[in-house]
Amino acid sequence: MQVTVETTSGLGRRMTVQVPSERIGSEVDKRLKDLVSKVRIPGFRPGKVPLRLVRQRYGGQVFHEVADELILASFREAVIQEKLNPVSAPEIKPGPIDRDEAFEYTADFEIYPQIDLASMEGVEIRRPTTTVSEDDLDRMIEKLRTQRRTWESVERTAGEGDRVILDFEGSIDGEGFEGGAGEDMTVEIGAGRMLPDFERNLSGTGAGVEKGFDVTFPEDYRNEALAGRSAHFSIKVDRVEAPVLPEVDEDFARAFGLGDGDLEEFRAKVRSNMERELGEKVKANIKQQVMDALLERNPFELPGTLVVEESERLRRKTMDMIGAKDPTFFPDERFSEMARRRVALGLVIGEIVKRQGFRADEASVHQAVDAIVSSYEDPARVRQYYLQNPSARADVEASVLEDRVVEWVLQTANVTEDPVSFESFVNQPKKENAE
């Protein structure tokens, strides 16, 4: 078998494979002889059909079957011989097929990049350090009160934090537009669920008030037909409602699962949850820094095939989450950068795991699952799911290996403490990343 390889792009390869005619011919003859005992042809007893007749009737079909199988087998042999590591299945272009001539085909594919891992010595990692203070705890309990607030109608005008129930109608250049009208709609002033100009014009209104005002849609508004345009809205306020926060008493504590309503135990439980969340945020922050450093110190060309596949996987996952059906709902570039990051990190982490011999042992997997299910009401059931569902377990094992890589980097990194307040740290915007 003769093999030649040429580079078509950075990671693209075109391999030409020539399979000797003898290899095909001998396999064809073997299969045709096997058919003699199996085929049924009128006028001949079973097993007595002449080989010549079997070849005449079935030779072409068998020849093409053998050629197809030899392509797959010889491709595997050729990539091993040439020490190539294809990213995915090749695009095969077979040449002319003649049983008396050597069979030749070309295979186009991408290979995995060669990753020469850089030293991570001296990488700067800032470890956030903070604690949960009494003030932090009080603020959290206020948030819990807000989450369980009720509403009551008031006779005064609306202000920040109030709800306004209203009918509205919008128009652009005198014409209505989709989504521009509604009845009995509730808007919480200051919640940021409506355009800022719209919410601002509700402040100071009261029951029975009718007014009109102009609103300009942002340039990056999700509805491109409205982006950057000005609309006129006419509203009629039905009523104003003010929030009523519950008292922090035994009933309030029972609402969070404390049967006896003990307030000290309630505060201890809230603090414990805050400290767990803080620990998870610190871990995620450090991991993000480590992953950024890995990418910065290990630049390499990415296989386009893997980026396209990952981008499509992210698109399908997002569509499933929001219930979208139209594949054009998200443009291709929406996920391309995230896909590139995920592919790059996957390759770097995989290389580190292979070289360092890291593995997700059973004890580590169970420990990781225990951490995941600790906040669930029925941790035993969720734990069983993670350990028995192959896909969920694979995700946990991948997370364990990523933690091994983070620990490995931190051994040589320059880690310094970064004092921060609990409030600013846990409420900082979440980065959209690939981990």
# chains A, B, ... in the order shown; residues from 1 in each chain; ligands from 1
call {"tool": "residues_around", "arguments": {"residues": "His64 of chain A", "least_positions_apart": "5", "cutoff": "12 Å", "atoms": "only C-alpha atoms", "output": "VMD selection string"}}
result
chain A and resid 24 to 25 27 to 28 58 to 59 69 to 71 94 96 to 99 103
call {"tool": "residues_around", "arguments": {"residues": "segment 263-272 of chain A", "least_positions_apart": "6", "cutoff": "8 Å", "atoms": "only C-alpha atoms", "output": "PyMOL selection string"}}
result
chain A and resi 132+137+140-141+249-250+253
call {"tool": "select_by_dssp", "arguments": {"residues": "segment 72-226 of chain A", "states": "alpha helix (DSSP H)", "output": "PyMOL selection string"}}
result
chain A and resi 72-81+134-147+196-200
call {"tool": "residues_around", "arguments": {"residues": "Phe329 of chain A", "least_positions_apart": "6", "cutoff": "12 Å", "atoms": "only C-alpha atoms", "output": "NGL selection string"}}
result
:A and (222 or 315-316 or 318-320 or 322-323)
call {"tool": "select_by_dssp", "arguments": {"residues": "segment 374-434 of chain A", "states": "strand (DSSP E or B)", "output": "number ranges by chain"}}
result
A: 414-419
call {"tool": "residues_around", "arguments": {"residues": "segment 225-242 of chain A", "least_positions_apart": "5", "cutoff": "8 Å", "atoms": "only C-alpha atoms", "output": "NGL selection string"}}
result
:A and (151-158 or 161-173 or 184 or 205-220)
call {"tool": "write_last_selection", "arguments": {"atoms": "C-alpha atoms", "output": "PDB file, in the first residue's frame"}}
result
ATOM      1  CA  TRP A 151     -48.493  43.944  47.095  1.00  0.00           C
ATOM      2  CA  GLU A 152     -51.299  46.252  48.153  1.00  0.00           C
ATOM      3  CA  SER A 153     -53.054  49.068  46.357  1.00  0.00           C
ATOM      4  CA  VAL A 154     -52.220  52.608  47.499  1.00  0.00           C
ATOM      5  CA  GLU A 155     -53.871  55.949  46.811  1.00  0.00           C
ATOM      6  CA  ARG A 156     -50.627  57.894  46.394  1.00  0.00           C
ATOM      7  CA  THR A 157     -48.549  58.361  43.245  1.00  0.00           C
ATOM      8  CA  ALA A 158     -46.027  55.750  42.156  1.00  0.00           C
ATOM      9  CA  GLY A 161     -40.078  50.073  43.909  1.00  0.00           C
ATOM     10  CA  ASP A 162     -43.847  50.441  43.341  1.00  0.00           C
ATOM     11  CA  ARG A 163     -45.891  48.588  40.736  1.00  0.00           C
ATOM     12  CA  VAL A 164     -48.050  50.345  38.181  1.00  0.00           C
ATOM     13  CA  ILE A 165     -50.883  48.453  36.467  1.00  0.00           C
ATOM     14  CA  LEU A 166     -51.772  50.126  33.197  1.00  0.00           C
ATOM     15  CA  ASP A 167     -52.988  49.929  29.615  1.00  0.00           C
ATOM     16  CA  PHE A 168     -50.634  51.245  26.938  1.00  0.00           C
ATOM     17  CA  GLU A 169     -50.459  51.769  23.209  1.00  0.00           C
ATOM     18  CA  GLY A 170     -47.358  52.667  21.220  1.00  0.00           C
ATOM     19  CA  SER A 171     -46.850  53.944  17.706  1.00  0.00           C
ATOM     20  CA  ILE A 172     -44.021  54.878  15.369  1.00  0.00           C
ATOM     21  CA  ASP A 173     -44.771  57.586  12.816  1.00  0.00           C
ATOM     22  CA  ASP A 184     -53.602  45.397  32.427  1.00  0.00           C
ATOM     23  CA  THR A 205     -48.405  58.739  38.106  1.00  0.00           C
ATOM     24  CA  GLY A 206     -51.467  57.565  40.017  1.00  0.00           C
ATOM     25  CA  ALA A 207     -54.739  55.739  39.483  1.00  0.00           C
ATOM     26  CA  GLY A 208     -56.714  57.204  36.569  1.00  0.00           C
ATOM     27  CA  VAL A 209     -53.788  59.175  35.124  1.00  0.00           C
ATOM     28  CA  GLU A 210     -53.574  59.300  31.322  1.00  0.00           C
ATOM     29  CA  LYS A 211     -50.466  60.644  29.643  1.00  0.00           C
ATOM     30  CA  GLY A 212     -48.264  60.328  26.574  1.00  0.00           C
ATOM     31  CA  PHE A 213     -44.495  60.328  26.181  1.00  0.00           C
ATOM     32  CA  ASP A 214     -41.737  59.421  23.740  1.00  0.00           C
ATOM     33  CA  VAL A 215     -39.283  56.547  24.146  1.00  0.00           C
ATOM     34  CA  THR A 216     -36.173  55.802  22.082  1.00  0.00           C
ATOM     35  CA  PHE A 217     -35.213  52.150  21.620  1.00  0.00           C
ATOM     36  CA  PRO A 218     -31.498  51.335  22.090  1.00  0.00           C
ATOM     37  CA  GLU A 219     -29.348  50.782  19.018  1.00  0.00           C
ATOM     38  CA  ASP A 220     -28.738  47.188  20.135  1.00  0.00           C
TER      39      ASP A 220
END
call {"tool": "residues_around", "arguments": {"residues": "Glu121 of chain A", "least_positions_apart": "3", "cutoff": "8 Å", "atoms": "only C-alpha atoms", "output": "compact mmCIF listing (two decimals) with N, CA, C and O atoms, in the first residue's frame"}}
result
# COMPACT_ATOMS: atom_id res chain seq x y z
N VAL A 409 -1.60 24.00 37.98
CA VAL A 409 -1.13 25.33 37.61
C VAL A 409 -0.79 26.14 38.86
O VAL A 409 0.23 26.83 38.92
N THR A 412 2.75 26.20 40.61
CA THR A 412 3.88 27.01 40.13
C THR A 412 3.49 28.47 39.89
O THR A 412 4.35 29.28 39.57
N ALA A 413 2.21 28.78 40.04
CA ALA A 413 1.76 30.16 39.80
C ALA A 413 2.14 31.05 40.99
O ALA A 413 2.43 30.59 42.09
N ASN A 414 2.11 32.35 40.72
CA ASN A 414 2.34 33.34 41.77
C ASN A 414 0.98 33.79 42.28
O ASN A 414 0.32 34.64 41.70
